[in-house]
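Enquirer: What follows is the file target_22.csv, containing CSV, C-alpha atoms:
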```csv
chain,number,residue,atom,x,y,z
Z,271,MET,CA,85.9,51.6,118.0
Z,272,ASP,CA,89.1,53.5,118.8
Z,273,SER,CA,89.8,54.7,122.2
Z,274,VAL,CA,89.8,58.4,123.0
Z,275,THR,CA,92.8,58.1,125.3
Z,276,PRO,CA,95.3,59.5,122.7
Z,277,PHE,CA,93.1,62.6,122.5
Z,278,ILE,CA,93.1,63.1,126.2
Z,279,VAL,CA,96.9,62.6,126.4
Z,280,LEU,CA,97.4,65.2,123.6
Z,281,SER,CA,95.1,67.5,125.4
Z,282,SER,CA,97.1,67.2,128.7
Z,283,ILE,CA,100.4,67.7,126.8
Z,284,LEU,CA,99.1,70.9,125.2
Z,285,PHE,CA,97.8,72.1,128.5
Z,286,THR,CA,101.2,71.6,130.1
Z,287,ILE,CA,102.9,73.5,127.3
Z,288,GLY,CA,100.5,76.3,127.7
Z,289,ALA,CA,101.1,76.4,131.5
Z,290,VAL,CA,104.9,76.5,131.0
Z,291,GLY,CA,104.4,79.3,128.5
Z,292,VAL,CA,102.4,81.3,131.0
Z,293,LEU,CA,105.1,80.8,133.6
Z,294,THR,CA,108.1,81.6,131.4
Z,295,ARG,CA,107.2,84.0,128.7
Z,296,ARG,CA,107.6,87.8,129.3
Z,297,ASN,CA,105.6,89.4,126.5
Z,298,ALA,CA,102.0,89.9,127.8
Z,299,ILE,CA,100.5,89.0,124.4
Z,300,VAL,CA,102.4,85.7,124.2
Z,301,VAL,CA,101.3,84.9,127.8
Z,302,PHE,CA,97.8,85.5,126.6
Z,303,MET,CA,98.2,83.2,123.7
Z,304,CYS,CA,99.5,80.5,126.1
Z,305,VAL,CA,96.3,80.9,128.1
Z,306,GLU,CA,94.3,80.4,124.9
Z,307,LEU,CA,96.3,77.2,124.2
Z,308,MET,CA,95.3,75.9,127.7
Z,309,LEU,CA,91.6,76.7,127.0
Z,310,ASN,CA,91.9,74.9,123.7
Z,311,ALA,CA,93.5,71.9,125.3
Z,312,SER,CA,90.6,71.6,127.8
Z,313,ASN,CA,88.2,72.0,125.0
Z,314,LEU,CA,89.8,69.0,123.2
Z,315,ALA,CA,89.4,66.9,126.4
Z,316,LEU,CA,85.7,67.9,126.7
Z,317,VAL,CA,84.9,67.0,123.2
Z,318,ALA,CA,86.8,63.7,123.5
Z,319,PHE,CA,84.9,62.8,126.7
Z,320,ALA,CA,81.7,63.7,124.9
Z,321,LYS,CA,82.5,61.0,122.4
Z,322,GLN,CA,83.5,58.6,125.1
Z,323,HIS,CA,80.2,58.9,126.9
Z,324,GLY,CA,78.0,59.4,123.8
Z,325,ASP,CA,76.6,62.5,125.4
Z,326,LEU,CA,76.5,66.0,123.8
Z,327,ASP,CA,76.9,67.8,127.1
Z,328,GLY,CA,80.6,67.9,126.6
Z,329,GLN,CA,80.3,69.7,123.3
Z,330,ILE,CA,78.0,72.2,124.8
Z,331,ALA,CA,80.6,72.8,127.6
Z,332,ALA,CA,83.3,73.3,124.9
Z,333,PHE,CA,81.0,75.8,123.2
Z,334,PHE,CA,80.6,77.8,126.3
Z,335,VAL,CA,84.3,77.7,126.9
Z,336,MET,CA,84.8,79.2,123.5
Z,337,VAL,CA,82.3,82.0,124.2
Z,338,VAL,CA,83.9,82.9,127.5
Z,339,ALA,CA,87.4,82.8,125.8
Z,340,ALA,CA,86.2,85.3,123.2
Z,341,ALA,CA,84.9,87.7,125.9
Z,342,GLU,CA,88.1,87.2,127.9
Z,343,VAL,CA,90.4,87.9,124.9
Z,344,VAL,CA,88.5,91.1,124.2
Z,345,VAL,CA,88.9,92.5,127.7
Z,346,GLY,CA,92.4,91.1,128.2
Z,347,LEU,CA,93.7,92.6,125.0
Z,348,ALA,CA,92.1,96.0,125.9
Z,349,ILE,CA,93.9,95.9,129.2
Z,350,ILE,CA,97.2,95.1,127.5
Z,351,MET,CA,96.6,98.0,125.2
Z,352,SER,CA,95.9,100.4,128.0
Z,353,ILE,CA,99.0,99.2,129.9
Z,354,PHE,CA,101.0,99.6,126.7
Z,355,ARG,CA,99.7,103.2,126.3
Z,356,THR,CA,100.8,104.3,129.8
Z,357,ARG,CA,104.0,102.3,130.2
Z,358,ARG,CA,105.2,101.9,126.5
Z,359,SER,CA,105.8,98.2,127.1
Z,360,ALA,CA,104.0,95.0,126.6
Z,361,SER,CA,106.2,93.1,129.1
Z,362,VAL,CA,104.5,91.6,132.1
Z,363,ASP,CA,107.5,92.6,134.3
Z,364,ASP,CA,107.0,96.3,133.6
Z,365,ALA,CA,103.5,96.5,135.2
Z,366,SER,CA,104.9,96.5,138.7
Z,367,LEU,CA,103.8,99.8,140.2
Z,368,LEU,CA,102.0,98.1,143.1
Z,369,LYS,CA,105.2,96.5,144.2
Z,370,TYR,CA,106.7,99.8,145.5
X,168,MET,CA,92.7,58.0,113.8
X,169,ILE,CA,95.0,58.7,110.9
X,170,ALA,CA,94.1,62.4,111.2
X,171,PHE,CA,95.1,62.3,114.8
X,172,TRP,CA,98.5,60.6,114.3
X,173,VAL,CA,99.3,63.1,111.5
X,174,LEU,CA,98.1,66.2,113.3
X,175,ALA,CA,99.2,65.4,116.9
X,176,PRO,CA,103.0,65.8,116.3
X,177,ILE,CA,102.4,68.9,114.3
X,178,MET,CA,100.3,70.4,117.1
X,179,VAL,CA,102.9,69.5,119.8
X,180,VAL,CA,105.7,70.9,117.7
X,181,ALA,CA,103.8,74.1,117.0
X,182,ALA,CA,102.8,74.5,120.7
X,183,LEU,CA,106.4,74.0,121.7
X,184,GLY,CA,107.4,76.6,119.2
X,185,LEU,CA,105.1,79.0,121.1
X,186,LEU,CA,107.6,78.6,124.0
X,187,PHE,CA,110.7,79.3,122.0
X,188,VAL,CA,110.0,81.8,119.3
X,189,ARG,CA,111.2,85.4,120.0
X,190,LYS,CA,108.7,87.3,118.0
X,191,ALA,CA,105.1,87.5,119.0
X,192,VAL,CA,103.9,87.4,115.4
X,193,HIS,CA,105.5,84.0,114.9
X,194,ALA,CA,103.8,82.8,118.1
X,195,ALA,CA,100.5,83.9,116.8
X,196,LEU,CA,101.0,82.0,113.5
X,197,LEU,CA,102.1,78.9,115.4
X,198,LEU,CA,98.9,79.2,117.6
X,199,ALA,CA,96.9,79.4,114.3
X,200,VAL,CA,98.4,76.0,113.3
X,201,VAL,CA,97.4,74.5,116.6
X,202,MET,CA,93.9,75.8,116.4
X,203,LEU,CA,93.3,74.7,112.8
X,204,SER,CA,94.6,71.2,113.6
X,205,LEU,CA,92.3,71.2,116.7
X,206,ALA,CA,89.4,72.0,114.4
X,207,VAL,CA,90.2,68.9,112.3
X,208,LEU,CA,90.4,66.8,115.4
X,209,TYR,CA,86.9,68.0,116.4
X,210,LEU,CA,85.7,66.7,113.1
X,211,ALA,CA,87.3,63.3,113.9
X,212,LEU,CA,85.6,63.4,117.3
X,213,GLU,CA,82.1,63.8,115.6
X,214,ALA,CA,81.7,67.4,116.5
X,215,PRO,CA,81.1,69.2,113.1
X,216,PHE,CA,79.5,72.2,114.7
X,217,LEU,CA,82.5,72.8,117.0
X,218,PHE,CA,84.7,72.3,113.9
X,219,ALA,CA,83.1,75.3,112.3
X,220,VAL,CA,82.9,77.4,115.5
X,221,GLN,CA,86.6,76.7,116.2
X,222,ILE,CA,87.6,78.0,112.8
X,223,ILE,CA,85.3,80.9,112.8
X,224,VAL,CA,85.6,82.1,116.4
X,225,TYR,CA,89.2,81.1,117.3
X,226,THR,CA,91.1,81.2,114.1
X,227,GLY,CA,89.0,83.9,112.5
X,228,ALA,CA,88.1,86.2,115.3
X,229,ILE,CA,90.4,85.7,118.3
X,230,LEU,CA,93.6,85.3,116.4
X,231,MET,CA,92.9,88.2,114.1
X,232,LEU,CA,92.3,90.3,117.3
X,233,PHE,CA,95.7,89.1,118.6
X,234,LEU,CA,97.3,90.2,115.3
X,235,PHE,CA,95.6,93.6,115.4
X,236,VAL,CA,96.8,94.2,118.9
X,237,LEU,CA,100.3,93.1,117.9
X,238,MET,CA,100.3,95.6,115.1
X,239,LEU,CA,99.1,98.3,117.5
X,240,VAL,CA,101.6,97.5,120.2
X,241,GLY,CA,104.5,97.1,117.8
X,242,VAL,CA,105.6,94.0,115.9
X,243,ASP,CA,109.1,94.3,117.2
X,244,ALA,CA,108.2,94.2,120.9
X,245,SER,CA,110.0,90.9,121.4
X,246,ASP,CA,110.7,89.2,124.7
X,247,SER,CA,113.5,90.2,127.0
X,248,VAL,CA,115.5,87.3,128.2
X,249,VAL,CA,116.4,88.9,131.6
X,250,GLU,CA,114.8,87.1,134.5
X,251,THR,CA,113.3,89.4,137.1
X,252,ILE,CA,112.9,86.6,139.6
X,253,ARG,CA,116.0,84.5,139.8
X,254,GLY,CA,115.4,80.9,138.5
X,255,GLN,CA,111.8,81.6,137.5
X,256,ARG,CA,112.3,80.0,134.1
X,257,LEU,CA,114.0,76.9,135.5
X,258,PHE,CA,111.3,76.4,138.1
X,259,GLY,CA,108.6,77.1,135.6
X,260,VAL,CA,110.0,74.3,133.3
X,261,ILE,CA,110.4,71.9,136.2
X,262,GLY,CA,106.9,72.6,137.4
X,263,GLY,CA,105.6,72.1,133.9
X,264,LEU,CA,107.4,68.8,133.5
X,265,VAL,CA,106.0,67.6,136.9
X,266,LEU,CA,102.5,68.6,135.8
X,267,GLY,CA,102.8,66.9,132.4
X,268,ALA,CA,104.3,63.8,133.8
X,269,THR,CA,101.6,63.6,136.5
X,270,LEU,CA,98.9,64.0,133.9
X,271,VAL,CA,100.3,61.6,131.4
X,272,VAL,CA,101.1,58.9,133.9
X,273,GLY,CA,97.7,59.3,135.6
X,274,LEU,CA,96.0,59.0,132.3
X,275,SER,CA,97.9,55.9,131.4
X,276,GLN,CA,96.8,54.3,134.7
X,277,ILE,CA,93.1,54.5,134.0
X,278,THR,CA,91.1,52.6,131.4
X,279,LEU,CA,88.2,54.5,129.9
X,280,GLY,CA,86.3,51.5,128.8
X,281,THR,CA,84.5,51.2,125.4
X,282,VAL,CA,83.8,54.3,123.5
X,283,THR,CA,80.0,54.9,123.2
X,284,GLY,CA,80.3,57.1,120.2
X,285,LEU,CA,77.9,59.8,119.2
X,286,GLU,CA,76.0,58.0,116.4
X,287,ASP,CA,72.8,57.9,118.5
X,288,ALA,CA,73.1,61.5,119.8
X,289,ASN,CA,73.9,62.8,116.3
X,290,GLU,CA,71.2,60.9,114.6
X,291,ALA,CA,69.1,63.9,113.6
X,292,GLY,CA,72.2,66.0,112.9
X,293,ASN,CA,74.9,67.4,115.3
X,294,VAL,CA,73.7,71.0,115.1
X,295,GLU,CA,70.0,70.0,115.7
X,296,ALA,CA,71.0,67.9,118.7
X,297,LEU,CA,73.2,70.6,120.1
X,298,ALA,CA,70.4,73.2,119.7
X,299,ASN,CA,67.9,70.9,121.4
X,300,ILE,CA,70.2,70.7,124.5
X,301,LEU,CA,71.3,74.3,124.4
X,302,PHE,CA,67.8,75.8,124.3
X,303,SER,CA,66.3,73.5,126.8
X,304,LYS,CA,68.7,72.3,129.5
X,305,TYR,CA,71.3,75.1,129.2
X,306,VAL,CA,69.0,77.9,128.2
X,307,PHE,CA,69.8,79.9,131.4
X,308,ALA,CA,73.5,79.6,130.8
X,309,PHE,CA,72.9,80.7,127.2
X,310,GLU,CA,71.1,83.9,128.4
X,311,VAL,CA,73.8,84.7,130.9
X,312,THR,CA,76.3,84.4,128.0
X,313,SER,CA,74.6,87.3,126.3
X,314,ALA,CA,75.1,89.5,129.4
X,315,LEU,CA,78.7,88.4,129.5
X,316,LEU,CA,79.3,89.3,125.9
X,317,ILE,CA,77.7,92.8,126.3
X,318,THR,CA,79.8,93.4,129.4
X,319,ALA,CA,82.9,92.4,127.6
X,320,ALA,CA,82.2,94.7,124.7
X,321,MET,CA,81.4,97.6,127.1
X,322,GLY,CA,84.6,96.9,129.1
X,323,ALA,CA,86.8,96.9,126.0
X,324,MET,CA,85.3,100.2,124.8
X,325,VAL,CA,85.8,101.8,128.2
X,326,LEU,CA,89.4,100.5,128.5
X,327,ALA,CA,90.3,101.5,124.9
X,328,HIS,CA,88.7,104.9,125.1
X,329,ARG,CA,90.9,108.0,125.5
X,330,GLU,CA,89.6,111.5,126.1
X,331,ARG,CA,91.0,114.1,123.8
X,332,LEU,CA,92.9,116.6,125.9
X,333,THR,CA,93.8,119.1,123.1
X,334,PRO,CA,91.5,120.6,120.5
X,335,ARG,CA,91.4,118.7,117.2
X,336,PRO,CA,93.7,120.4,114.7
X,337,THR,CA,91.9,121.8,111.7
X,338,GLN,CA,93.3,122.1,108.2
X,339,ALA,CA,93.6,125.9,108.6
X,340,SER,CA,95.6,125.6,111.8
X,341,LEU,CA,97.9,123.0,110.2
X,342,ALA,CA,98.5,125.2,107.2
X,343,ALA,CA,99.2,128.2,109.5
X,344,GLN,CA,101.7,126.0,111.5
X,345,ARG,CA,103.5,125.1,108.3
X,346,VAL,CA,103.9,128.7,107.2
X,347,ARG,CA,105.1,129.6,110.7
X,348,ASP,CA,107.7,126.8,110.6
X,349,TYR,CA,108.8,128.0,107.2
X,350,ALA,CA,109.3,131.6,108.5
X,351,GLU,CA,111.0,130.5,111.7
X,352,SER,CA,113.2,127.6,110.8
X,353,GLY,CA,113.1,127.5,107.0
X,354,LEU,CA,111.3,124.1,106.9
X,355,HIS,CA,110.3,123.2,103.3
X,356,LEU,CA,106.7,124.3,102.6
X,357,GLY,CA,105.6,121.8,100.1
X,358,PRO,CA,104.9,118.1,100.6
X,359,LEU,CA,107.7,115.6,101.3
X,360,PRO,CA,109.5,114.3,98.2
X,361,PRO,CA,108.3,110.9,96.9
X,362,PRO,CA,110.6,107.9,97.2
X,363,GLY,CA,112.1,105.9,94.4
X,364,VAL,CA,112.8,108.7,92.0
X,365,PHE,CA,116.2,107.2,91.0
X,366,ALA,CA,116.2,105.1,87.8
X,367,ARG,CA,117.3,101.7,89.1
X,368,HIS,CA,114.7,101.2,91.8
X,369,ASN,CA,111.2,102.4,91.9
X,370,ALA,CA,110.4,101.0,95.3
X,371,VAL,CA,109.2,102.9,98.4
X,372,ASP,CA,112.3,101.9,100.3
X,373,THR,CA,114.7,103.6,97.9
X,374,PRO,CA,115.3,107.2,98.8
X,375,ALA,CA,115.0,110.0,96.3
X,376,LEU,CA,118.2,111.6,95.2
X,377,LEU,CA,118.9,115.3,95.8
X,378,PRO,CA,120.3,117.4,93.0
X,379,ASP,CA,123.8,117.0,94.4
X,380,GLY,CA,123.5,113.2,94.3
X,381,THR,CA,122.9,112.5,98.0
X,382,ALA,CA,119.9,110.6,99.2
X,383,SER,CA,117.0,112.5,100.7
X,384,GLU,CA,116.1,111.1,104.0
X,385,ALA,CA,112.7,112.9,103.9
X,386,SER,CA,111.6,110.8,101.0
X,387,VAL,CA,111.4,107.4,102.7
X,388,SER,CA,109.0,106.5,105.4
X,389,ARG,CA,110.1,107.0,109.0
X,390,VAL,CA,109.0,103.4,109.9
X,391,LEU,CA,111.3,101.9,107.2
X,392,ALA,CA,114.2,104.0,108.4
X,393,ALA,CA,113.6,102.9,112.0
X,394,ARG,CA,113.5,99.2,110.9
X,395,GLY,CA,116.7,99.7,108.9
X,396,THR,CA,115.3,98.3,105.7
X,397,VAL,CA,116.0,101.4,103.6
X,398,ARG,CA,118.0,100.6,100.4
X,399,SER,CA,120.9,102.7,99.7
X,400,ALA,CA,120.9,104.5,96.5
X,401,PRO,CA,123.4,103.1,94.0
X,402,ARG,CA,126.8,104.7,94.5
X,403,ASP,CA,128.2,104.5,91.0
X,404,VAL,CA,125.6,106.4,89.1
X,405,GLU,CA,127.4,106.2,85.8
X,406,ALA,CA,127.6,102.4,85.8
X,407,VAL,CA,123.9,102.2,86.4
X,408,GLN,CA,123.3,104.5,83.5
X,409,ARG,CA,125.5,102.4,81.3
X,410,SER,CA,123.8,99.2,82.4
X,411,ILE,CA,120.3,100.4,81.5
X,412,ASP,CA,121.5,102.1,78.3
X,413,PHE,CA,120.5,105.5,79.5
X,414,ALA,CA,120.9,108.3,77.0
X,415,PRO,CA,121.6,111.6,78.6
X,416,ASP,CA,119.4,113.3,76.0
X,417,GLY,CA,116.5,111.0,76.8
X,418,ALA,CA,113.2,112.1,78.2
X,419,PRO,CA,114.3,112.3,81.9
X,420,THR,CA,116.6,115.2,82.4
X,421,ALA,CA,119.6,113.6,83.9
X,422,ARG,CA,123.1,114.6,82.9
X,423,ASN,CA,126.6,114.1,84.0
X,424,SER,CA,128.1,117.0,85.7
X,425,PRO,CA,131.8,117.6,85.1
X,426,ASP,CA,132.8,116.2,88.5
X,427,GLY,CA,131.3,112.8,87.8
X,428,ARG,CA,128.1,113.3,89.8
X,429,SER,CA,124.8,112.7,88.2
X,430,THR,CA,122.0,115.2,88.6
X,431,VAL,CA,118.5,114.1,88.5
X,432,SER,CA,115.8,116.7,88.2
X,433,SER,CA,112.7,116.5,90.3
X,434,ARG,CA,109.3,115.5,88.9
X,435,GLY,CA,107.7,118.8,89.6
X,436,PRO,CA,107.7,121.8,91.8
X,437,GLY,CA,105.5,120.1,94.5
X,438,SER,CA,107.7,117.0,94.8
X,439,SER,CA,111.0,118.8,94.9
X,440,PRO,CA,113.5,116.8,97.0
X,441,GLY,CA,115.7,119.9,97.1
X,442,PRO,CA,117.4,121.3,100.2
X,443,ALA,CA,115.1,122.8,102.8
X,444,GLY,CA,114.3,126.4,102.9
X,445,PRO,CA,113.6,129.2,100.5
X,446,THR,CA,116.2,128.0,98.0
X,447,SER,CA,114.4,124.7,97.3
X,448,GLY,CA,111.9,126.1,94.8
X,449,SER,CA,114.3,126.0,91.8
X,450,THR,CA,116.4,122.9,92.0
X,451,ALA,CA,115.9,121.9,88.4
X,452,ASP,CA,117.3,125.0,86.7
X,453,PRO,CA,120.7,125.4,88.3
X,454,THR,CA,121.5,121.8,88.0
X,455,SER,CA,120.7,121.6,84.3
X,456,ASP,CA,122.9,124.7,83.8
X,457,GLU,CA,125.6,123.0,85.7
X,458,GLY,CA,125.3,119.9,83.6
X,459,GLY,CA,125.6,122.0,80.4
X,460,ASN,CA,128.9,123.5,81.4
```
Could the structure of this file be written out as structure tokens, please?
Expert:
Amino acid sequence: MDSVTPFIVLSSILFTIGAVGVLTRRNAIVVFMCVELMLNASNLALVAFAKQHGDLDGQIAAFFVMVVAAAEVVVGLAIIMSIFRTRRSASVDDASLLKY
Amino acid sequence: MIAFWVLAPIMVVAALGLLFVRKAVHAALLLAVVMLSLAVLYLALEAPFLFAVQIIVYTGAILMLFLFVLMLVGVDASDSVVETIRGQRLFGVIGGLVLGATLVVGLSQITLGTVTGLEDANEAGNVEALANILFSKYVFAFEVTSALLITAAMGAMVLAHRERLTPRPTQASLAAQRVRDYAESGLHLGPLPPPGVFARHNAVDTPALLPDGTASEASVSRVLAARGTVRSAPRDVEAVQRSIDFAPDGAPTARNSPDGRSTVSSRGPGSSPGPAGPTSGSTADPTSDEGGN
């Protein structure tokens, strides 16, 4: 039986890339995509550990993560839309009214 | 494991592309590559139900929602490269490298032991086994999920809703406005001229030609003009006519005027691309007279 370690390593690499994307990208939609990438990476780890332990609880957890991600995307994109309507920009730097 | 070693480099490259592409649409497509590959990896990890859910929910629903919002927000809303916080990008990359190195080194230190595998758990079928757990052990979380989804739908509706501040324009008021514009500024009353009237191109990005041979800007879509993808009408009209063996006495009424310009008549009174104002109604007649001289 193969080890699941490569899957976990791939998952951590994808998570890191997503985190760097959240920190460096400016476009709010791309930042959101990077958050999705991080969620997907954690899902991969959950499913890999489910196989490791022979227990389906990990797959259930991944399923719930997907449900929460769907709800989160709906609300987040609506927020991006309303910010775009008022400020005519999808950049995360332009939503800085509270700074002043 | 073959699927893993084929797909893992593709996924890492696509995810890295997410960091470097300028256009958000390309980022969405790269994310689709990552998510589809992830679905195949779920299959390799004995999770056929999550394979289907990953494709249907993530690639089908969430990414399409991303693309919808991208179209609404504007496809060309690309990233600016100006840093608001000095050195943020550098420190972001350094922090990411530290995080990645920590995770990978930490994972290489541990041994996970033998893989149990899901043959026993999936004996009656993966979907049935998942349903057994979901509706017994996790039934409360499942119920709470429904409240979460309803709240999310309501929240999206509230956030996207916009009150109408002005009365909705009716067809009668629009028509009255058109006639008023015509009386005040001489704006053409009829509909805008259709694009692509000229013989060589019949595409929407080719402007129609006015009777004097110039291109009519009103005949192409404003969006195409803003993107700068409007084709220019061919300059040398006579060469085009020669290349397509165009007979001046053919069905379309196009003739060479004495000064070398071609005149193309409009398709009908409604689609006249003539100059704005009251003189635009009869573009075909004067030009054909001019051609005959």
Enquirer: Mind dumping a table of every chain X residue within 7 Å of chain Z, with the nearest atom pair and its distance in Å to one decimal, using all atoms listed in the file, sorted by chain and rising number, as CSV?
Expert:
```
residue,atom,partner,partner_atom,distance
X:Ala175,CA,Z:Leu280,CA,6.9
X:Val179,CA,Z:Leu284,CA,6.7
X:Ala182,CA,Z:Ile287,CA,6.7
X:Leu183,CA,Z:Ile287,CA,6.6
X:Leu186,CA,Z:Gly291,CA,5.6
X:Ala191,CA,Z:Val300,CA,6.1
X:Ala194,CA,Z:Val300,CA,6.9
X:Leu212,CA,Z:Ala318,CA,6.3
X:Ile229,CA,Z:Ala340,CA,6.5
X:Val240,CA,Z:Phe354,CA,6.9
X:Ser245,CA,Z:Asn297,CA,6.9
X:Asp246,CA,Z:Asn297,CA,5.4
X:Ser247,CA,Z:Arg296,CA,6.8
X:Arg256,CA,Z:Thr294,CA,5.2
X:Gly259,CA,Z:Leu293,CA,5.5
X:Val260,CA,Z:Val290,CA,6.0
X:Gly263,CA,Z:Val290,CA,5.3
X:Leu266,CA,Z:Thr286,CA,6.6
X:Gly267,CA,Z:Thr286,CA,5.5
X:Leu270,CA,Z:Ser282,CA,6.4
X:Val271,CA,Z:Val279,CA,6.1
X:Leu274,CA,Z:Val279,CA,7.0
X:Val282,CA,Z:Gln322,CA,4.6
X:Thr283,CA,Z:Gly324,CA,5.0
X:Gly284,CA,Z:Gly324,CA,4.9
X:Leu285,CA,Z:Gly324,CA,4.6
X:Ala288,CA,Z:Gly324,CA,6.7
X:Leu297,CA,Z:Leu326,CA,6.8
X:Leu316,CA,Z:Ala341,CA,5.8
X:Ala319,CA,Z:Ala341,CA,5.4
X:Gly322,CA,Z:Val345,CA,6.3
X:Ala323,CA,Z:Val345,CA,5.2
X:Leu326,CA,Z:Ala348,CA,5.9
X:Ala327,CA,Z:Ala348,CA,5.9
```
Enquirer: Have a look at CA of Ala214 in chain X and CA of Ala296 in chain X and let me know their distance in Å, one decimal.
Expert: 10.9 Å
Enquirer: Report, in Å to a single decimal, how far apart CA of Gln221 in chain X and CA of Asn293 in chain X are.
Expert: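 Separating CA of Asn293 in chain X from CA of Gln221 in chain X is a distance of 15.0 Å.
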Enquirer: May I have the protein, DNA and RNA residues with an atom at most 12 Å from (81.0, 72.6, 112.5), counting all atoms listed in the file in the file's coordinates, returned as a PyMOL selection string?
Expert: (chain Z and resi 329+333) or (chain X and resi 206-224+292-295+297)
Enquirer: Have a look at CA of Glu384 in chain X and CA of Gln344 in chain X and let me know their distance in Å, one decimal.
Expert: 22.0 Å
